[in-house]
>>> print(open('final13.cif').read())   # mmCIF, C-alpha atoms
data_entry
#
loop_
_atom_site.label_atom_id
_atom_site.label_comp_id
_atom_site.auth_asym_id
_atom_site.auth_seq_id
_atom_site.Cartn_x
_atom_site.Cartn_y
_atom_site.Cartn_z
CA MET A 221 -0.78 12.57 -24.67
CA ILE A 222 2.48 11.19 -23.46
CA GLN A 223 2.28 9.39 -20.17
CA VAL A 224 5.28 9.08 -17.93
CA LYS A 225 4.91 6.22 -15.49
CA LYS A 226 7.10 5.88 -12.45
CA GLU A 227 8.05 2.31 -13.40
CA THR A 228 9.18 3.51 -16.81
CA LEU A 229 11.46 6.07 -15.21
CA TYR A 230 12.97 3.45 -12.91
CA ALA A 231 13.36 0.98 -15.77
CA GLY A 232 15.04 3.68 -17.87
CA MET A 233 17.36 4.67 -15.05
CA LEU A 234 18.36 1.06 -14.42
CA LYS A 235 18.92 0.44 -18.12
CA GLY A 236 20.95 3.64 -18.33
CA LEU A 237 23.15 2.56 -15.44
CA LEU A 238 23.63 -0.90 -16.94
CA THR A 239 24.60 0.69 -20.26
CA THR A 240 27.02 2.96 -18.43
CA PHE A 241 28.53 -0.12 -16.84
CA ASP A 242 28.90 -1.79 -20.27
CA LEU A 243 30.42 1.40 -21.57
CA ALA A 244 32.88 1.56 -18.65
CA LYS A 245 33.98 -2.02 -19.30
CA ILE A 246 35.18 -0.92 -22.74
CA ILE A 247 36.19 2.69 -22.23
CA ILE A 248 38.33 2.27 -19.11
CA PRO A 249 40.59 -0.46 -20.56
CA VAL A 250 40.80 1.43 -23.88
CA SER A 251 41.72 4.66 -22.08
CA ILE A 252 44.40 2.87 -20.04
CA VAL A 253 45.89 1.22 -23.14
CA VAL A 254 45.89 4.48 -25.07
CA THR A 255 47.52 6.33 -22.17
CA ILE A 256 50.23 3.65 -21.96
CA LEU A 257 50.74 3.76 -25.73
CA GLY A 258 51.08 7.53 -25.52
CA LYS A 259 53.51 7.58 -22.60
CA SER A 260 55.68 4.74 -23.88
CA GLY A 261 56.13 6.25 -27.34
CA ALA A 262 54.48 3.23 -28.97
CA LEU A 263 51.72 5.51 -30.23
CA GLU A 264 54.21 7.56 -32.24
CA PHE A 265 55.51 4.39 -33.78
CA LEU A 266 52.03 3.14 -34.73
CA ALA A 267 51.11 6.60 -35.98
CA ASP A 268 54.15 6.77 -38.27
CA PHE A 269 53.23 3.36 -39.57
CA ALA A 270 49.60 4.31 -40.30
CA ALA A 271 50.35 7.85 -41.52
CA PRO A 272 50.50 7.11 -45.28
CA LEU A 273 47.12 5.37 -45.18
CA MET A 274 45.51 8.04 -42.99
CA ARG A 275 46.74 10.81 -45.27
CA VAL A 276 44.15 9.62 -47.84
CA PHE A 277 41.47 10.82 -45.41
CA GLY A 278 43.32 13.95 -44.36
CA LEU A 279 44.02 12.40 -40.98
CA SER A 280 47.17 12.16 -38.88
CA GLY A 281 48.61 8.73 -38.11
CA LYS A 282 47.36 8.92 -34.52
CA ALA A 283 43.78 9.06 -35.73
CA ALA A 284 44.13 5.52 -37.07
CA LEU A 285 43.75 4.26 -33.54
CA ALA A 286 40.35 5.94 -33.19
CA LEU A 287 39.21 4.85 -36.64
CA PHE A 288 40.18 1.20 -36.26
CA SER A 289 38.85 0.86 -32.74
CA GLY A 290 35.54 2.24 -34.02
CA TYR A 291 35.47 -0.07 -37.05
CA PHE A 292 36.46 -3.21 -35.20
CA ILE A 293 35.41 -2.71 -31.58
CA ASN A 294 32.63 -0.12 -31.27
CA LEU A 295 31.82 3.56 -31.02
CA TYR A 296 32.44 3.64 -27.28
CA ALA A 297 35.98 2.41 -27.80
CA ALA A 298 36.51 5.03 -30.50
CA ILE A 299 35.24 7.76 -28.18
CA GLY A 300 37.55 6.47 -25.46
CA VAL A 301 40.47 6.89 -27.86
CA ILE A 302 39.26 10.28 -29.10
CA LEU A 303 38.85 11.68 -25.60
CA THR A 304 42.27 10.44 -24.53
CA LEU A 305 44.15 11.64 -27.60
CA SER A 306 44.08 15.25 -28.65
CA LEU A 307 42.80 15.46 -32.20
CA THR A 308 41.95 18.56 -34.23
CA LEU A 309 38.33 19.47 -35.04
CA LYS A 310 38.98 18.66 -38.69
CA GLU A 311 40.15 15.18 -37.73
CA LEU A 312 37.22 14.71 -35.37
CA MET A 313 34.72 15.60 -38.07
CA ILE A 314 36.25 13.23 -40.61
CA ILE A 315 36.49 10.37 -38.12
CA GLY A 316 32.96 11.15 -36.95
CA VAL A 317 31.35 10.82 -40.39
CA MET A 318 33.39 7.77 -41.28
CA LEU A 319 32.47 6.01 -38.06
CA MET A 320 28.80 6.95 -38.22
CA LEU A 321 28.50 5.01 -41.47
CA SER A 322 30.56 2.04 -40.41
CA HIS A 323 31.27 0.80 -36.90
CA SER A 324 31.29 -2.26 -34.62
CA LEU A 325 31.56 -4.24 -37.82
CA PHE A 326 31.85 -7.73 -36.33
CA MET A 327 28.87 -7.24 -34.08
CA GLU A 328 26.61 -5.30 -36.43
CA LEU A 329 27.25 -7.39 -39.53
CA ALA A 330 26.17 -10.40 -37.51
CA ILE A 331 22.96 -8.59 -36.52
CA SER A 332 22.23 -7.55 -40.11
CA LYS A 333 22.77 -11.12 -41.21
CA LYS A 334 20.09 -12.26 -38.79
CA ALA A 335 17.73 -9.82 -40.48
CA GLY A 336 18.45 -11.50 -43.82
CA CYS A 337 21.24 -9.50 -45.45
CA SER A 338 24.42 -11.18 -46.62
CA LEU A 339 27.59 -10.28 -44.74
CA PHE A 340 29.47 -9.30 -47.86
CA TYR A 341 26.69 -7.01 -49.03
CA VAL A 342 26.35 -5.17 -45.73
CA LEU A 343 30.11 -4.83 -45.41
CA LEU A 344 30.19 -3.34 -48.90
CA VAL A 345 27.36 -0.82 -48.43
CA ARG A 346 28.76 0.36 -45.12
CA LEU A 347 32.50 0.39 -45.71
CA ILE A 348 32.57 1.91 -49.21
CA PRO A 349 30.47 4.99 -48.28
CA SER A 350 32.52 5.36 -45.10
CA LEU A 351 35.82 5.35 -46.99
CA LEU A 352 34.49 7.62 -49.75
CA VAL A 353 33.09 10.13 -47.28
CA GLY A 354 36.46 10.07 -45.49
CA ILE A 355 38.31 10.80 -48.71
CA LEU A 356 35.83 13.56 -49.53
CA GLY A 357 36.19 15.02 -46.04
CA GLY A 358 39.98 14.98 -46.24
CA TRP A 359 39.75 16.79 -49.53
CA LEU A 360 37.08 19.30 -48.45
CA PHE A 361 38.17 20.32 -44.97
CA MET B 299 57.69 8.01 -14.81
CA SER B 300 56.73 4.71 -13.26
CA ILE B 301 54.36 2.26 -14.83
CA PHE B 302 51.99 2.67 -11.89
CA ALA B 303 51.71 6.40 -12.40
CA THR B 304 50.87 5.77 -16.06
CA LEU B 305 48.30 3.13 -15.18
CA TRP B 306 46.75 5.48 -12.63
CA GLU B 307 46.59 8.29 -15.15
CA GLY B 308 44.99 5.94 -17.68
CA LEU B 309 42.41 4.87 -15.12
CA LEU B 310 41.55 8.48 -14.29
CA ASN B 311 41.27 9.27 -18.00
CA GLY B 312 38.98 6.30 -18.37
CA ILE B 313 36.75 7.29 -15.48
CA SER B 314 36.39 10.85 -16.70
CA ASN B 315 35.62 9.56 -20.21
CA VAL B 316 32.93 7.27 -18.84
CA TRP B 317 31.46 10.11 -16.81
CA SER B 318 31.27 12.47 -19.78
CA LEU B 319 29.35 9.82 -21.74
CA ALA B 320 27.15 8.64 -18.87
CA ILE B 321 25.58 12.07 -18.46
CA ILE B 322 24.46 11.83 -22.10
CA VAL B 323 23.57 8.16 -22.29
CA ILE B 324 21.43 7.84 -19.15
CA PRO B 325 18.97 10.65 -20.02
CA ILE B 326 18.69 9.36 -23.61
CA ILE B 327 17.81 5.89 -22.42
CA ILE B 328 15.20 7.21 -20.01
CA VAL B 329 13.58 9.25 -22.80
CA LEU B 330 13.64 6.23 -25.11
CA GLU B 331 11.94 4.08 -22.45
CA ILE B 332 9.19 6.67 -22.17
CA ALA B 333 8.83 6.75 -25.97
CA LYS B 334 8.61 2.97 -26.10
CA ASP B 335 6.05 2.90 -23.31
CA ASN B 336 3.81 5.30 -25.23
CA SER B 337 4.27 3.45 -28.56
CA ILE B 338 5.16 6.74 -30.17
CA LEU B 339 6.70 5.08 -33.21
CA ASP B 340 3.37 3.60 -34.31
CA LYS B 341 2.08 7.13 -34.70
CA TRP B 342 5.23 8.37 -36.40
CA SER B 343 5.40 5.55 -38.93
CA HIS B 344 1.85 6.41 -39.96
CA LYS B 345 2.94 10.00 -40.61
CA LEU B 346 6.22 9.12 -42.26
CA HIS B 347 4.71 6.63 -44.66
CA PRO B 348 3.38 9.02 -47.36
CA PRO B 349 6.76 10.65 -48.15
CA LEU B 350 8.37 7.20 -48.41
CA LYS B 351 5.72 5.59 -50.61
CA HIS B 352 7.67 6.30 -53.78
CA LEU B 353 10.39 3.94 -52.53
CA GLY B 354 7.90 1.09 -52.72
CA LEU B 355 7.60 0.78 -48.97
CA SER B 356 4.40 -0.04 -47.12
CA GLU B 357 3.59 1.25 -43.66
CA ASN B 358 4.72 -2.11 -42.30
CA ALA B 359 8.17 -1.41 -43.72
CA VAL B 360 8.41 2.10 -42.30
CA PHE B 361 7.93 0.93 -38.71
CA PRO B 362 11.10 -1.24 -38.43
CA ILE B 363 13.13 1.54 -40.10
CA LEU B 364 11.93 3.99 -37.47
CA VAL B 365 12.54 1.53 -34.66
CA ALA B 366 16.14 1.16 -35.86
CA PHE B 367 16.54 4.92 -36.24
CA ILE B 368 15.48 5.57 -32.69
CA PHE B 369 16.25 2.42 -30.68
CA GLY B 370 19.08 0.86 -32.67
CA LEU B 371 20.00 -1.94 -35.05
CA THR B 372 19.22 -4.80 -32.68
CA TYR B 373 15.65 -3.66 -32.09
CA GLY B 374 15.12 -2.85 -35.77
CA SER B 375 16.38 -6.28 -36.82
CA GLY B 376 14.14 -7.84 -34.19
CA VAL B 377 11.12 -6.20 -35.81
CA ILE B 378 12.23 -7.41 -39.27
CA ILE B 379 12.53 -10.96 -37.99
CA SER B 380 9.11 -10.99 -36.39
CA TYR B 381 7.48 -9.28 -39.38
CA VAL B 382 9.02 -11.79 -41.77
CA LYS B 383 7.60 -14.60 -39.63
CA GLU B 384 4.20 -12.95 -39.78
CA GLY B 385 4.52 -12.42 -43.53
CA LYS B 386 4.15 -8.64 -43.25
CA LEU B 387 7.05 -7.69 -45.53
CA SER B 388 7.79 -8.46 -49.18
CA ASP B 389 11.25 -9.68 -50.18
CA TYR B 390 12.04 -6.27 -51.59
CA GLU B 391 10.94 -4.59 -48.37
CA VAL B 392 13.08 -6.81 -46.17
CA ARG B 393 16.06 -6.01 -48.35
CA ALA B 394 15.34 -2.28 -48.40
CA VAL B 395 14.60 -2.04 -44.69
CA GLY B 396 17.64 -4.13 -43.72
CA SER B 397 19.92 -2.08 -45.98
CA SER B 398 18.71 1.28 -44.75
CA MET B 399 18.95 0.35 -41.10
CA ALA B 400 22.47 -1.05 -41.51
CA LEU B 401 23.54 2.49 -42.41
CA ALA B 402 21.25 4.55 -40.22
CA HIS B 403 20.43 3.35 -36.71
CA ALA B 404 20.58 4.54 -33.11
CA LEU B 405 20.59 8.03 -34.56
CA ILE B 406 19.96 9.76 -31.25
CA GLU B 407 22.53 7.91 -29.18
CA ASP B 408 25.33 7.71 -31.78
CA THR B 409 24.87 11.31 -32.83
CA LEU B 410 24.81 12.79 -29.34
CA LEU B 411 27.83 10.73 -28.25
CA PHE B 412 29.92 12.23 -31.04
CA TRP B 413 28.33 15.66 -30.73
CA ARG B 414 29.56 15.62 -27.14
CA VAL B 415 33.12 15.34 -28.45
CA GLY B 416 32.59 18.54 -30.42
CA ILE B 417 31.41 17.41 -33.86
CA PRO B 418 28.49 19.35 -35.45
CA ILE B 419 25.28 17.32 -35.46
CA TRP B 420 24.48 17.72 -39.16
CA ILE B 421 27.86 16.26 -40.16
CA LEU B 422 27.03 13.15 -38.19
CA LEU B 423 23.40 12.79 -39.17
CA LEU B 424 23.05 13.95 -42.74
CA PRO B 425 25.44 11.56 -44.55
CA ARG B 426 23.87 8.53 -42.88
CA LEU B 427 20.33 9.54 -43.85
CA VAL B 428 21.25 10.62 -47.38
CA ILE B 429 23.25 7.48 -48.13
CA ALA B 430 20.60 5.20 -46.61
CA TYR B 431 17.97 6.93 -48.73
CA ALA B 432 20.10 6.69 -51.87
CA LEU B 433 20.71 2.99 -51.28
CA VAL B 434 17.00 2.22 -50.94
CA TRP B 435 16.29 4.35 -54.01
CA VAL B 436 18.79 2.30 -56.03
CA LEU B 437 17.36 -0.97 -54.68
CA ASN B 438 13.89 0.20 -55.65
CA ARG B 439 15.02 1.02 -59.16
CA ILE B 440 16.69 -2.37 -59.52
CA HIS B 441 13.58 -4.00 -58.10
CA ALA B 442 11.53 -2.21 -60.76
CA GLY B 443 13.94 -3.62 -63.36
CA ARG B 444 15.32 -0.22 -64.27
CA PHE B 445 19.08 -0.61 -63.95
CA LEU B 446 19.50 -4.35 -64.06
CA PRO B 447 17.14 -7.25 -64.47
CA SER B 448 15.45 -7.54 -61.09
CA SER B 449 16.37 -11.22 -60.92
CA VAL B 450 19.93 -10.02 -60.29
CA LEU B 451 18.77 -8.60 -57.00
CA ALA B 452 17.31 -11.88 -55.89
CA LYS B 453 20.27 -13.88 -57.12
CA PHE B 454 23.27 -12.11 -55.77
CA THR B 455 21.91 -10.04 -53.15
CA PHE B 456 21.85 -9.85 -50.60
CA PHE B 457 18.83 -11.23 -49.13
CA ASN B 458 17.43 -14.61 -48.63
CA ARG B 459 14.25 -15.20 -46.70
CA LYS B 460 15.67 -18.45 -45.37
CA ARG B 461 18.49 -16.54 -43.79
CA VAL B 462 16.20 -14.60 -41.50
CA ASN B 463 16.24 -16.27 -38.14
CA LEU B 464 15.97 -15.61 -34.47
#
>>> encode(input="final13.cif", output="structure tokens")
Amino acid sequence: MIQVKKETLYAGMLKGLLTTFDLAKIIIPVSIVVTILGKSGALEFLADFAAPLMRVFGLSGKAALALFSGYFINLYAAIGVILTLSLTLKELMIIGVMLMLSHSLFMELAISKKAGCSLFYVLLVRLIPSLLVGILGGWLF
Amino acid sequence: MSIFATLWEGLLNGISNVWSLAIIVIPIIIVLEIAKDNSILDKWSHKLHPPLKHLGLSENAVFPILVAFIFGLTYGSGVIISYVKEGKLSDYEVRAVGSSMALAHALIEDTLLFWRVGIPIWILLLPRLVIAYALVWVLNRIHAGRFLPSSVLAKFTFFNRKRVNL
């Protein structure tokens, strides 16, 4: 039988609020930056620049912002970008699979290293499937 | 349009983005706390062990994988570290468990966050599980000396017991 204690509920609530606070610390700045990039036209510029690379995954140049913020910052940042930009469902699905396999690389590679894996190995087994799945998705969808 | 109006719009975007995630994240965390409190994963790892036996994993190895699946990479790695200290995992198991959890972790939180944006759940979940499984399968074959001499695994790979630390 599953027991639900009052203290557990409070602890969960508190932890949830703290996580929301952590999330806000990332998502609000990211959303502001993305909005500024969009309004100032800098996003178009970046998108044009990234477009050839993103085409490999069947993505528009804009999507690069979501992909890279997921790879290098974390999933919350990527979601902040995704929610602020308007991307198609096809793009969302491709970015989604790619980011599920590989995200928050700096942080998570460091954690995996603590558990005994080498950085290079973990980077390889996460990034290669992510890129391959992206290429496959771009080709399929 | 003034810079202030843009900043304001960005802030509002940010707040609404945070809100749309908070209503997913807070309930998940509460449910996870309840699960942890009831040590549900002990029971699950007992049940999940038989189908994973052919990968050369003991029940001790299944538990950290499950912890990572449900609670995330940090918790999973924490279990690896303490199990290594207690001598509960073989070298192969540490490698296999660490590899699989690098690919598949925080499956509930990550999946629901992206599902919220409109992505079908199976697209998010399936590739991670399949690729993590395939990776452990390959490691197991190498470990058994099938593809390459198993000394290769120890030499280049990827894992060194001395590297495990808190």
>>> residues_around(input="final13.cif", residues="A:Trp359", least_positions_apart="5", cutoff="10 Å", atoms="only C-alpha atoms", output="list in words")
Val276, Phe277, Gly278, Val353 and Gly354 of chain A
>>> closest_atom_pairs(input="final13.cif", of="chain A", to="chain B", cutoff="7 Å", atoms="all atoms listed in the file", output="Markdown table")
| residue | atom | partner | partner_atom | distance |
| --- | --- | --- | --- | --- |
| A:Ile222 | CA | B:Asn336 | CA | 6.3 |
| A:Gln223 | CA | B:Asn336 | CA | 6.7 |
| A:Val224 | CA | B:Ile332 | CA | 6.3 |
| A:Thr228 | CA | B:Ile332 | CA | 6.2 |
| A:Leu229 | CA | B:Ile328 | CA | 6.2 |
| A:Gly232 | CA | B:Ile328 | CA | 4.1 |
| A:Met233 | CA | B:Ile328 | CA | 6.0 |
| A:Gly236 | CA | B:Ile324 | CA | 4.3 |
| A:Leu237 | CA | B:Ile324 | CA | 6.7 |
| A:Thr240 | CA | B:Ala320 | CA | 5.7 |
| A:Leu243 | CA | B:Val316 | CA | 6.9 |
| A:Ala244 | CA | B:Val316 | CA | 5.7 |
| A:Ile247 | CA | B:Gly312 | CA | 6.0 |
| A:Ile248 | CA | B:Gly312 | CA | 4.1 |
| A:Ser251 | CA | B:Gly312 | CA | 4.9 |
| A:Ile252 | CA | B:Gly308 | CA | 3.9 |
| A:Thr255 | CA | B:Gly308 | CA | 5.2 |
| A:Ile256 | CA | B:Thr304 | CA | 6.3 |
| A:Gly300 | CA | B:Asn315 | CA | 6.4 |
| A:Leu303 | CA | B:Asn315 | CA | 6.6 |
| A:Thr304 | CA | B:Asn311 | CA | 6.7 |
| A:Leu312 | CA | B:Ile417 | CA | 6.6 |
| A:Met313 | CA | B:Ile417 | CA | 5.7 |
| A:Gly316 | CA | B:Leu422 | CA | 6.4 |
| A:Val317 | CA | B:Leu422 | CA | 5.4 |
| A:Met320 | CA | B:Leu422 | CA | 6.4 |
| A:Leu321 | CA | B:Leu401 | CA | 5.6 |
| A:Ile331 | CA | B:Thr372 | CA | 6.6 |
| A:Ser332 | CA | B:Ala400 | CA | 6.7 |
| A:Lys334 | CA | B:Val462 | CA | 5.3 |
| A:Ala335 | CA | B:Val462 | CA | 5.1 |
| A:Gly336 | CA | B:Val462 | CA | 4.5 |
| A:Cys337 | CA | B:Phe457 | CA | 4.7 |
| A:Ser338 | CA | B:Phe456 | CA | 4.9 |
| A:Tyr341 | CA | B:Phe456 | CA | 5.8 |
| A:Arg346 | CA | B:Leu401 | CA | 6.3 |
>>> axis_aligned_box(input="final13.cif", around="stretch 397-405 of chain B", padding_each_side="3 Å", output="lines of an AutoDock Vina configuration file")
center_x = 21.1
center_y = 3.0
center_z = -39.5
size_x = 10.8
size_y = 16.1
size_z = 18.9
>>> residues_around(input="final13.cif", residues="stretch 260-269 of chain A", least_positions_apart="5", cutoff="8 Å", atoms="all atoms listed in the file", output="list in words")
Val254, Ser280, Gly281, Lys282, Ala283 and Ala284 of chain A
>>> residues_around(input="final13.cif", residues="A:Val301", least_positions_apart="3", cutoff="8 Å", atoms="only C-alpha atoms", output="number ranges by chain")
A: 250-251, 254, 285-286, 289, 297-298, 304-305
>>> build_atoms(input="final13.cif", residues="stretch 427-448 of chain B", atoms="N, CA and C atoms", output="CSV table (one decimal), in the frame of the given file")
chain,number,residue,atom,x,y,z
B,427,LEU,N,21.7,9.5,-43.3
B,427,LEU,CA,20.3,9.5,-43.8
B,427,LEU,C,20.3,9.6,-45.4
B,428,VAL,N,21.2,10.5,-45.9
B,428,VAL,CA,21.2,10.6,-47.4
B,428,VAL,C,21.7,9.3,-48.0
B,429,ILE,N,22.7,8.7,-47.5
B,429,ILE,CA,23.2,7.5,-48.1
B,429,ILE,C,22.3,6.3,-48.0
B,430,ALA,N,21.6,6.2,-46.8
B,430,ALA,CA,20.6,5.2,-46.6
B,430,ALA,C,19.5,5.4,-47.6
B,431,TYR,N,19.0,6.6,-47.8
B,431,TYR,CA,18.0,6.9,-48.7
B,431,TYR,C,18.4,6.5,-50.1
B,432,ALA,N,19.6,7.0,-50.5
B,432,ALA,CA,20.1,6.7,-51.9
B,432,ALA,C,20.2,5.2,-52.1
B,433,LEU,N,20.6,4.4,-51.1
B,433,LEU,CA,20.7,3.0,-51.3
B,433,LEU,C,19.3,2.4,-51.5
B,434,VAL,N,18.3,2.8,-50.8
B,434,VAL,CA,17.0,2.2,-50.9
B,434,VAL,C,16.4,2.6,-52.3
B,435,TRP,N,16.7,3.9,-52.7
B,435,TRP,CA,16.3,4.4,-54.0
B,435,TRP,C,16.8,3.4,-55.1
B,436,VAL,N,18.2,3.2,-55.0
B,436,VAL,CA,18.8,2.3,-56.0
B,436,VAL,C,18.2,0.9,-56.0
B,437,LEU,N,18.0,0.4,-54.8
B,437,LEU,CA,17.4,-1.0,-54.7
B,437,LEU,C,16.0,-1.0,-55.3
B,438,ASN,N,15.2,0.1,-55.1
B,438,ASN,CA,13.9,0.2,-55.6
B,438,ASN,C,13.9,0.2,-57.2
B,439,ARG,N,14.9,1.0,-57.7
B,439,ARG,CA,15.0,1.0,-59.2
B,439,ARG,C,15.4,-0.3,-59.7
B,440,ILE,N,16.3,-1.0,-59.1
B,440,ILE,CA,16.7,-2.4,-59.5
B,440,ILE,C,15.5,-3.3,-59.4
B,441,HIS,N,14.8,-3.2,-58.3
B,441,HIS,CA,13.6,-4.0,-58.1
B,441,HIS,C,12.6,-3.8,-59.2
B,442,ALA,N,12.5,-2.5,-59.7
B,442,ALA,CA,11.5,-2.2,-60.8
B,442,ALA,C,12.1,-2.6,-62.1
B,443,GLY,N,13.3,-3.2,-62.1
B,443,GLY,CA,13.9,-3.6,-63.4
B,443,GLY,C,14.5,-2.5,-64.2
B,444,ARG,N,14.9,-1.4,-63.5
B,444,ARG,CA,15.3,-0.2,-64.3
B,444,ARG,C,16.8,-0.3,-64.6
B,445,PHE,N,17.6,-0.6,-63.7
B,445,PHE,CA,19.1,-0.6,-64.0
B,445,PHE,C,19.6,-2.0,-64.5
B,446,LEU,N,19.1,-3.0,-63.8
B,446,LEU,CA,19.5,-4.4,-64.1
B,446,LEU,C,18.2,-5.2,-64.0
B,447,PRO,N,18.3,-6.4,-64.6
B,447,PRO,CA,17.1,-7.2,-64.5
B,447,PRO,C,16.9,-7.5,-63.0
B,448,SER,N,15.7,-7.5,-62.5
B,448,SER,CA,15.4,-7.5,-61.1
B,448,SER,C,15.8,-8.9,-60.5
